[in-house]
Every structure is written in structure tokens, then in C-alpha cells.
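Please read the structure below before turning to the comments.
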Amino acid sequence: MKKRALGLGTLSVILTFFLASCVIFEKDADNGGKTETSSTQKKEETTSGASEGGYTDPKELKSSYDIIIIGAGGAGMTAAIEAKDAGLNPVIFEKMPVAGGNTSKSSSGMNASNTKVQQAQGITDSNDAFFEETLKGGKGTNDQALLRYFVDHSADAIDWLAQNGIIMDNLTITGGMSQKRTHRPSDGSAIGGYLVKGLVENVRKREIPLFVNADVTSIKENKGVVDGVSVTIQGEKAKTIKSKAVVVTTGGFGASKALIKKYRPDLVGYVTTNQVGSTGDGIKMIEKLGGQAIDMKEIQIHPTVQQEKGILIGEAVRGEGAILVNDKGERFVNELDTRDNVSAAITALPEKSAYLIFDQGVRERAKAIDFYDEQGYVISGDTPQELAKKLNMPTDSLSATLNTWNQSVAAHDDTAFNRTTAMDYPLSKSKYYAIKIAPGIHYTMGGVKINTETEVLNKKNQPITGLYAAGEVVGGLHGANRIGGNSVAEIIIFGRQAGQQSAAFVKGK
């Protein structure tokens with residue numbers, strides 16, 4: 001469903017939301033580097049939070065560090081923590097006024113298999129099952145070496161977070177998965193703000209310098225070895241900062257009009273869930289160094305996006321039992337199918353939009369709904385009939401749909417659309433709620449090519465010495481379609497690996 005491009009009013013809403021996300025909310029990735037935002041936008045952003053955020057004073061900038069990390073999203077901060085714990089001196093440069101990037105917007109949770117949390121709750125899972133279901137979700141096009149490393153280190157990532165005071169012990173399920181392997185904060189709230197808050201606290205505890213409004217415009221190399229960056233901090237003259245390694249964690253390009261037009265002109269005009277800094281800067285800088293970009297046409301459309309403000313309605317709402325209905329109040333799809341299939345089903349409707357329908361029970365289990373309600377997205381009624389009237393849909397039809405669904409839940413048999421997951425509770429607890437949604441640009445599966453050591457590869461598939469990357473800036477892991485909950489797992493798993501491997505490289509020099 002096409003919408004008007006991101007404007008200044010929308011930017012204001014997103015920045016307000018972005019800052020509020022230190023408490024809760026929504027998506028999964030990282031950001032930093034150079035920006036496409038206008039001078040007016042940049043001015044607003046620069047004054048919106050850097051000074052009160054407790055970030056490193058620009059006067060403390062040094063001329064060299066052991067490791068430079070570009071981007072203070074989940075992957076960047078994770079890499080910095082691992083590098084510091086290895087005894088090195090890392091620094092983080094973040095182009096936006098606050099840390100967090102798209103990680104702050106993560107909602108559903110973090111996938112991991114065969115974890116202690118699952119075992120404690122009696123869930124039998126395996127890395128092989130996680131691997132096969134992710135491979136199927138990616139239409140068999142995933143980089144299988146990266147995927148194998150990913151699933152085999154997912155449980156360790158949950159443990160690592162817990163060791164650092166970030167507890168993910170509440171489980172739900174996302175589309176394309178057969179088991180509850182999506183880990184969330186204990187209260188079931190959106191993962192993004194909680195994760196970013198915890199990582200920032202760990203960065204500060206270790207006294208890792210984190211500069212915001214720090215726009216990295218190029219990565220430097222000398223005789224084929226990466227040795228620093230050019231960075232502009234708070235709009236001042238660019239400076240060259242030396243290092244022994246560089247880790248790029250700048251996120252994807254879901255907010256770049258230019259790159260969307262270049263690789264997927266059919267998506268021009270779609271609303272995006274991405275924060276404004278997601279403009280593909282790391283990909284561009286790495287390509288200039290001879291790195292290769294892969295899968296750039298693979299852009300994920302998320303099925304449940306609030307269109308006016310481009311806010312993603314997290315998959316956890318469906319994972320806790322919500323259904324989707326059309327304007328007639330009828331179901332039309334398996335709501336927990338993969339994101340591409342659910343999006344296609346919505347787009348095929350005459351109205352090209354749908355309603356998420358859920359009850360008070362779902363609301364209590366998916367805490368992010370409180371935020372959606374505060375923003376005015378949620379419509380409510382004491383009964384299904386009252387809700388239907390407010391939605392201008394046939395009351396008998398919505399009631400019949402809910403009755404049929406509740407019978408399917410009781411029988412654990414969805415004969416209409418063969419849904420098999422998130423059928424633990426009927427939709428029968430007043431009040432009843434609806435959120436109008438349609439598809440929007442959500443995630444870019446394409447990016448730079450790396451190996452399992454997170455070394456960036458050139459066009460001959462050889463490592464670029466001293467250059468590492470992790471997070472949404474990387475392509476290959478997700479193939480043609482990402483499974484919900486996998487990107488948060490990716491940033492922690494490969495962020496750790498990037499920190500460890502870059503540290504090992506520096507120590508070995």
C-alpha cells in the first residue's frame with residue numbers, strides 16, 4: 001500500500017518515538033555513519049537529546065583508538081563491550097543524537113534455540129529445527145555458513161545478555177517458527193528500549209567513549225589495511241581518527257529513498273518503519289573500499305504497519321493470539337505465516353489494508369499495545385458487536401469470525417487457514433480491540449558480504465584486512481525473507497563475534 005514519503009512532521013513523530021523507546025519499543029537493527037537527512041532535520045536532531053543523554057563530550061575525542069565502531073545500535077554496542085572486555089580501547093561513533101538506532105524500535109523479541117529459558121519452561125527445541133525453519137523462511141537462499149553459526153550461538157547470546165543484567169525470560173512465537181523461541185523481557189514488553197537501555201548501561205560502566213552526532217563519512221586504509229575513519233562531530237570540521245581495526249554496524253537502508261528507488265522501484269512511496277538514519281551509509285563506504293554488496297533487492301515488507309506514522313505493530317501481538325480480518329470482518333490468511341506471505345494476502349484485498357483484532361487477554365500479554373493505545377492507534381469496544389460498529393463492518397460477521405476462531409482454538413485445529421501456532425487462548429475477554437494496518441518497508445536483507453568471523457569480503461571473497469561488520473548492514477543471513485525475532489538475535493550474536501574477532505586481530509598485530 002503506497003503512502004506519501006517521509007516528511008518533516010513524520011520525522012518529528014519518529015524522533016519523539018525514538019527517544020521514548022528507551023522505555024519501550026520496536027524493530028531490530030543498528031545505525032550510524034553518514035545521513036541523507038536534510039539540514040533542518042539534522043538541526044532538530046542535534047538538539048534533541050545528545051547533551052542530556054550522558055554521551056561522551058566531543059572535547060574528549062582522541063586521535064587514535066584500538067578499534068573504531070561505526071554505529072551505536074545493538075550490534076555496535078555489543079561489539080564494543082566484547083572488545084573492551086578483551087582488554088582493548090574501543091570507541092563508538094553514532095551519527096544520530098541518541099544511541100540505539102533501529103534496535104530501539106524492536107518489538108517482538110530475540111529468537112534463540114535450545115536455551116535455558118526454554119528448558120525451564122518445558123519447551124523442547126533444537127538448533128537444527130531453528131536452522132531449517134529459518135532456511136525455509138528465507139526460501140533456501142540464506143548464506144548457510146552464517147546461518148549455522150547464528151543458530152549454534154543463539155543460546156549463548158541469551159546467556160551473555162543475562163550475565164550483563166539484560167534478562168530475556170518471557171517467551172512468545174513469531175511467524176514461520178514452530179516453537180516458542182522468541183525471548184522477551186520478563187514483563188512481556190517490547191524488547192527494543194529494554195535492550196538498548198541495558199547495552200548503554202554496560203557501555204557506560206566500562207567507560208567506553210560513545211560520541212553522538214558523529215557522522216563518519218569514509219573508512220581509511222593504507223596499503224590494503226584499514227586504519228581509521230574520517231568523522232565530523234556536531235557539524236565541525238572533519239577529523240581523521242586512526243585505529244587498528246574498524247567495525248561497521250551502521251544498519252540497513254530502509255529509510256533511503258535513493259537506494260529503495262535503485263534496487264526496488266516498485267516500493268517507492270511505501271511507508272517505512274525505519275528510523276531516519278537507516279540510509280545504507282556503511283554499505284556505501286564499504287563498497288568504496290572494494291567490498292561487495294549482496295541481495296540488495298531483497299527488501300522485507302512487514303504486514304502490520306500503522307500507515308500514517310509508519311509505526312510497526314509488533315509480531316508479538318499476533319504471537320499472543322490476535323487475528324487479522326478484512327473490511328467485512330472475515331479472516332483471510334494464516335496470521336502467523338511468514339511476513340512476505342501475510343503481506344501479500346493483505347495487498348491482495350480490495351482495500352489493501354486490514355485490522356488486527358484482539359482481546360484484553362492479548363493486550364495484557366503484549367505490553368507494547370499500551371504504547372499503541374497512547375498514540376491513538378487502538379479502537380476498542382466492550383463487545384465484538386460494539387467494536388464492529390466502530391469499524392463500520394457487519395456486526396454479525398465479526399462476531400461469527402470470533403466464534404469460529406475460538407472454536408478452532410479450543411480444538412487446536414484451524415480448518416480455514418491451517419494456523420498451528422499462537423492458539424493458546426481464545427479471544428473472549430472483554431474489552432475487544434482493533435488496529436488498522438497495511439504493509440510497509442521494514443527490513444533490508446541485503447548488505448555487505450562477510451564470513452563467519454565477521455570479516456568483510458572483497459569481490460574476490462577475500463577479507464579486507466582490519467574491517468569487520470555486523471547487523472543489518474550485512475547481507476546473506478536472512479536470504480529472501482527474514483523471520484521475526486531473528487534480527488535482534490543477529491545483532492547480539494554477530495556483534496559479539498565482531499568485537500571478539502576485531503580484538504583478536506588487533507592483539508595479533
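Residue numbering restarts at 1 in every chain; chains get A, B, ... in the order shown in the C-alpha cells, and ligands count up from 1 in that same order.
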
Discussion item. Residues of stretch 367-492 of chain A classed as strand (DSSP E or B) by DSSP on the backbone are to be reported as a count of residues only.
Written reply: 32

Discussion item. Quick one: residues within 10 Å of A:Thr273, only C-alpha atoms, excluding same-chain residues fewer than 5 positions away - as a list in words?
Written reply: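 The residues that qualify are Ile14, Glu26, Lys27, Asn102, Lys105, Gly254, Ala255, Ile301, His302, Val305, Gln306, Gln307, Lys309, Gly310, Ile311, Leu312, Ile313, Pro439, Gly440, Ile441, His442 and Tyr443 of chain A.
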
Worksheet item: Which residues come within 10 Å of A:Gly485, counting only C-alpha atoms, excluding same-chain residues fewer than 2 positions away, as a list in words?
Response: Lys27, Asp28, Ser106, Ser107, Ser108, Gly109, Met110, Asn111, Ala112, Thr172, Ile173, Thr174, Gly175, Met177, Arg181, Thr182, His183, Arg184, Ile191, Glu315, Ala316, Arg482, Ile483, Ser487, Val488, Ala489 and Glu490 of chain A

Please produce an output containing C-alpha atoms for each residue in the selection, written as a short mmCIF file (atom, residue, chain, number, x, y, z; two decimals), in the first residue's frame.
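Once written, again_10.cif looks like this:
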data_model
loop_
_atom_site.label_atom_id
_atom_site.label_comp_id
_atom_site.auth_asym_id
_atom_site.auth_seq_id
_atom_site.Cartn_x
_atom_site.Cartn_y
_atom_site.Cartn_z
CA LYS A 27 12.12 -3.21 15.24
CA ASP A 28 15.51 -4.79 15.00
CA SER A 106 12.48 -3.65 18.04
CA SER A 107 9.26 -5.06 19.33
CA SER A 108 8.69 -8.80 19.20
CA GLY A 109 11.83 -10.25 20.77
CA MET A 110 15.01 -12.23 20.16
CA ASN A 111 14.99 -15.73 18.72
CA ALA A 112 17.24 -18.42 20.17
CA THR A 172 6.45 -15.97 22.57
CA ILE A 173 6.38 -17.09 18.94
CA THR A 174 6.74 -15.39 15.55
CA GLY A 175 5.67 -16.30 12.03
CA MET A 177 8.55 -20.75 13.69
CA ARG A 181 11.83 -19.34 20.82
CA THR A 182 11.27 -15.57 20.81
CA HIS A 183 12.75 -14.25 24.07
CA ARG A 184 11.44 -11.05 25.62
CA ILE A 191 12.44 -5.68 23.59
CA GLU A 315 4.51 -9.52 15.56
CA ALA A 316 4.12 -10.35 19.25
CA ARG A 482 13.65 -12.54 7.43
CA ILE A 483 11.91 -14.35 10.26
CA SER A 487 17.40 -9.59 13.58
CA VAL A 488 17.71 -8.91 17.31
CA ALA A 489 19.42 -12.27 17.63
CA GLU A 490 21.70 -11.36 14.72
#

Practice prompt. Would you mind telling me which residue in A:Gln163, A:Ser189, A:Asn213, A:Gln375 lies nearest to A:Gly71 when using only C-alpha atoms?
Written response: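 Checking each candidate against A:Gly71, we get A:Asn213 as the closest.
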
Worksheet item: So which one's closest to A:Gly479, A:Val333, A:Ala348, A:Val91, A:Met445? Using only C-alpha atoms, please.
Response: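 The answer is A:Met445, which sits nearest to A:Gly479.
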
Discussion item. Could you pull out the helix (DSSP H, G or I) residues of stretch 59-260 of chain A, going by DSSP on the backbone, and write them as a PyMOL selection string?
Written reply: chain A and resi 59-60+74-85+101-105+116-120+127-137+144-152+154-163+191-205+257-260

Residues from last step as file, C-alpha atoms, as a compact mmCIF listing (two decimals), in the first residue's frame:
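Everything below was put into part_34.txt:
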# COMPACT_ATOMS: atom_id res chain seq x y z
CA LYS A 59 36.34 17.61 23.71
CA GLU A 60 37.43 14.15 24.87
CA GLY A 74 22.63 -3.21 19.27
CA ALA A 75 25.45 -4.72 17.20
CA GLY A 76 27.77 -1.77 17.69
CA MET A 77 27.39 -1.57 21.45
CA THR A 78 27.68 -5.35 21.77
CA ALA A 79 30.91 -5.31 19.74
CA ALA A 80 32.29 -2.50 21.87
CA ILE A 81 31.55 -4.36 25.10
CA GLU A 82 33.29 -7.51 23.85
CA ALA A 83 36.31 -5.54 22.62
CA LYS A 84 36.62 -3.71 25.93
CA ASP A 85 36.33 -6.96 27.88
CA GLY A 101 19.35 3.00 16.01
CA ASN A 102 16.64 0.69 14.78
CA THR A 103 17.32 -1.61 17.72
CA SER A 104 15.33 0.87 19.81
CA LYS A 105 12.34 0.13 17.62
CA LYS A 116 17.95 -22.48 29.42
CA VAL A 117 14.78 -20.39 29.37
CA GLN A 118 13.06 -22.83 27.02
CA GLN A 119 14.24 -25.82 29.03
CA ALA A 120 12.93 -24.28 32.26
CA ASN A 127 19.40 -25.70 16.72
CA ASP A 128 18.72 -27.89 13.70
CA ALA A 129 14.99 -27.08 13.79
CA PHE A 130 15.79 -23.37 14.11
CA PHE A 131 18.18 -23.68 11.16
CA GLU A 132 15.70 -25.48 8.90
CA GLU A 133 12.78 -23.17 9.65
CA THR A 134 14.90 -20.06 9.07
CA LEU A 135 16.23 -21.55 5.83
CA LYS A 136 12.69 -22.28 4.71
CA GLY A 137 11.61 -18.74 5.64
CA GLN A 144 24.18 -21.36 5.26
CA ALA A 145 27.57 -20.88 6.90
CA LEU A 146 26.35 -17.67 8.55
CA LEU A 147 23.04 -19.31 9.42
CA ARG A 148 24.75 -22.31 11.05
CA TYR A 149 26.93 -20.03 13.17
CA PHE A 150 23.86 -17.96 14.03
CA VAL A 151 21.68 -20.78 15.36
CA ASP A 152 24.55 -22.55 17.12
CA SER A 154 21.93 -18.15 19.79
CA ALA A 155 21.58 -19.71 23.25
CA ASP A 156 24.99 -18.37 24.27
CA ALA A 157 23.79 -14.88 23.29
CA ILE A 158 20.82 -15.12 25.66
CA ASP A 159 23.19 -16.21 28.45
CA TRP A 160 25.62 -13.37 27.63
CA LEU A 161 22.85 -10.80 27.90
CA ALA A 162 21.78 -12.26 31.25
CA GLN A 163 25.36 -12.07 32.52
CA ILE A 191 12.44 -5.68 23.59
CA GLY A 192 13.97 -2.64 21.88
CA GLY A 193 14.08 0.03 24.59
CA TYR A 194 14.94 -2.51 27.28
CA LEU A 195 17.82 -3.93 25.25
CA VAL A 196 19.22 -0.53 24.30
CA LYS A 197 19.00 0.72 27.89
CA GLY A 198 20.86 -2.34 29.12
CA LEU A 199 23.57 -2.11 26.48
CA VAL A 200 24.08 1.63 27.05
CA GLU A 201 24.46 0.97 30.78
CA ASN A 202 27.10 -1.66 30.06
CA VAL A 203 28.95 0.67 27.68
CA ARG A 204 28.99 3.42 30.31
CA LYS A 205 30.00 1.05 33.11
CA LYS A 257 14.66 6.87 -0.88
CA ALA A 258 17.58 6.74 -3.29
CA LEU A 259 18.56 3.14 -2.57
CA ILE A 260 14.95 1.93 -2.46

Fill in: Polymer residues at most 8 Å from stretch 361-369 of chain A, only C-alpha atoms, same-chain spacing of 3 or more positions, as a list in words
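Counting only the stated atoms, we get Ile24, Phe25, Ser107, Asp187, Gly188, Ser189, Ala190, Gly314, Ala316, Val317, Glu320, Gly321, Ala322, Phe358, Tyr372, Asp373, Leu427 and Lys429 of chain A.
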
Would you output that residue set with C-alpha atoms, as a CSV table (one decimal), in the first residue's frame?
chain,number,residue,atom,x,y,z
A,24,ILE,CA,9.6,0.6,25.1
A,25,PHE,CA,9.5,-0.3,21.6
A,107,SER,CA,9.3,-5.1,19.3
A,187,ASP,CA,7.1,-8.5,31.7
A,188,GLY,CA,6.5,-9.3,28.0
A,189,SER,CA,7.2,-5.7,26.9
A,190,ALA,CA,8.8,-4.7,23.7
A,314,GLY,CA,4.9,-5.9,16.5
A,316,ALA,CA,4.1,-10.3,19.2
A,317,VAL,CA,0.5,-9.1,19.0
A,320,GLU,CA,-0.1,-13.8,21.6
A,321,GLY,CA,-3.3,-14.7,19.7
A,322,ALA,CA,-4.5,-11.8,17.6
A,358,PHE,CA,-7.6,-9.0,19.8
A,372,TYR,CA,0.0,1.9,20.5
A,373,ASP,CA,-3.1,2.9,22.6
A,427,LEU,CA,-10.4,-14.2,22.0
A,429,LYS,CA,-12.0,-11.5,27.3

Fill in: Interatomic distance, atom CA of A:Pro463 to atom CA of A:Lys95 (Å, one decimal)
26.1 Å

Worksheet item: Distance atom CA of A:Glu453-atom CA of A:Tyr468, one decimal place?
Response: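 That distance, rounded to one decimal, is 8.2 Å.
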
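Proximity to A:Ile346 was assessed for A:Glu386, A:Gly54, A:Pro303, A:Gly251 counting only C-alpha atoms; the smallest distance is recorded for A:Pro303.
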
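Considering the residues A:Ile167, A:Ile357, A:Leu61, A:Asn89 and counting only C-alpha atoms, A:Gly499 has its shortest atom-to-atom contact with A:Asn89.
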
Fill in: Using only C-alpha atoms: which of A:Ser243, A:Ala99, A:Asn481, A:Lys297 has the shortest distance to A:Asp266
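Ranking A:Ser243, A:Ala99, A:Asn481, A:Lys297 by distance to A:Asp266, first place goes to A:Lys297.
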
Practice prompt. Measuring atom to atom with only C-alpha atoms, identify which of A:Ile286, A:Ser230, A:Val409, A:Ser186 is nearest to A:Thr249.
Written response: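 Of A:Ile286, A:Ser230, A:Val409, A:Ser186, the one nearest A:Thr249, counting only C-alpha atoms, is A:Ile286.
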
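Between atom CA of A:Ile464 and atom CA of A:Gly224 the interatomic distance comes to 7.3 Å.
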
Practice prompt. With a distance cut-off of 8 Å and only C-alpha atoms, select the neighbouring residues of A:Gln385, excluding the residue or stretch itself and same-chain residues fewer than 6 positions from it, and output the selection as a list of chain:residue names.
Written response: A:Thr395, A:Asp396, A:Leu398, A:Ser399

Worksheet item: Near A:Lys284, counting only C-alpha atoms, which residues have an atom at most 10 Å away, once you skip same-chain residues fewer than 6 positions from it, shown as a ChimeraX atom specification?
Response: /A:34,217-218,291-293,447-448

Fill in: For A:Met393: contacts at 9 Å, only C-alpha atoms, fewer than 6 positions along chain excluded, given as an MDAnalysis selection string
chainID A and resid 326:329 387
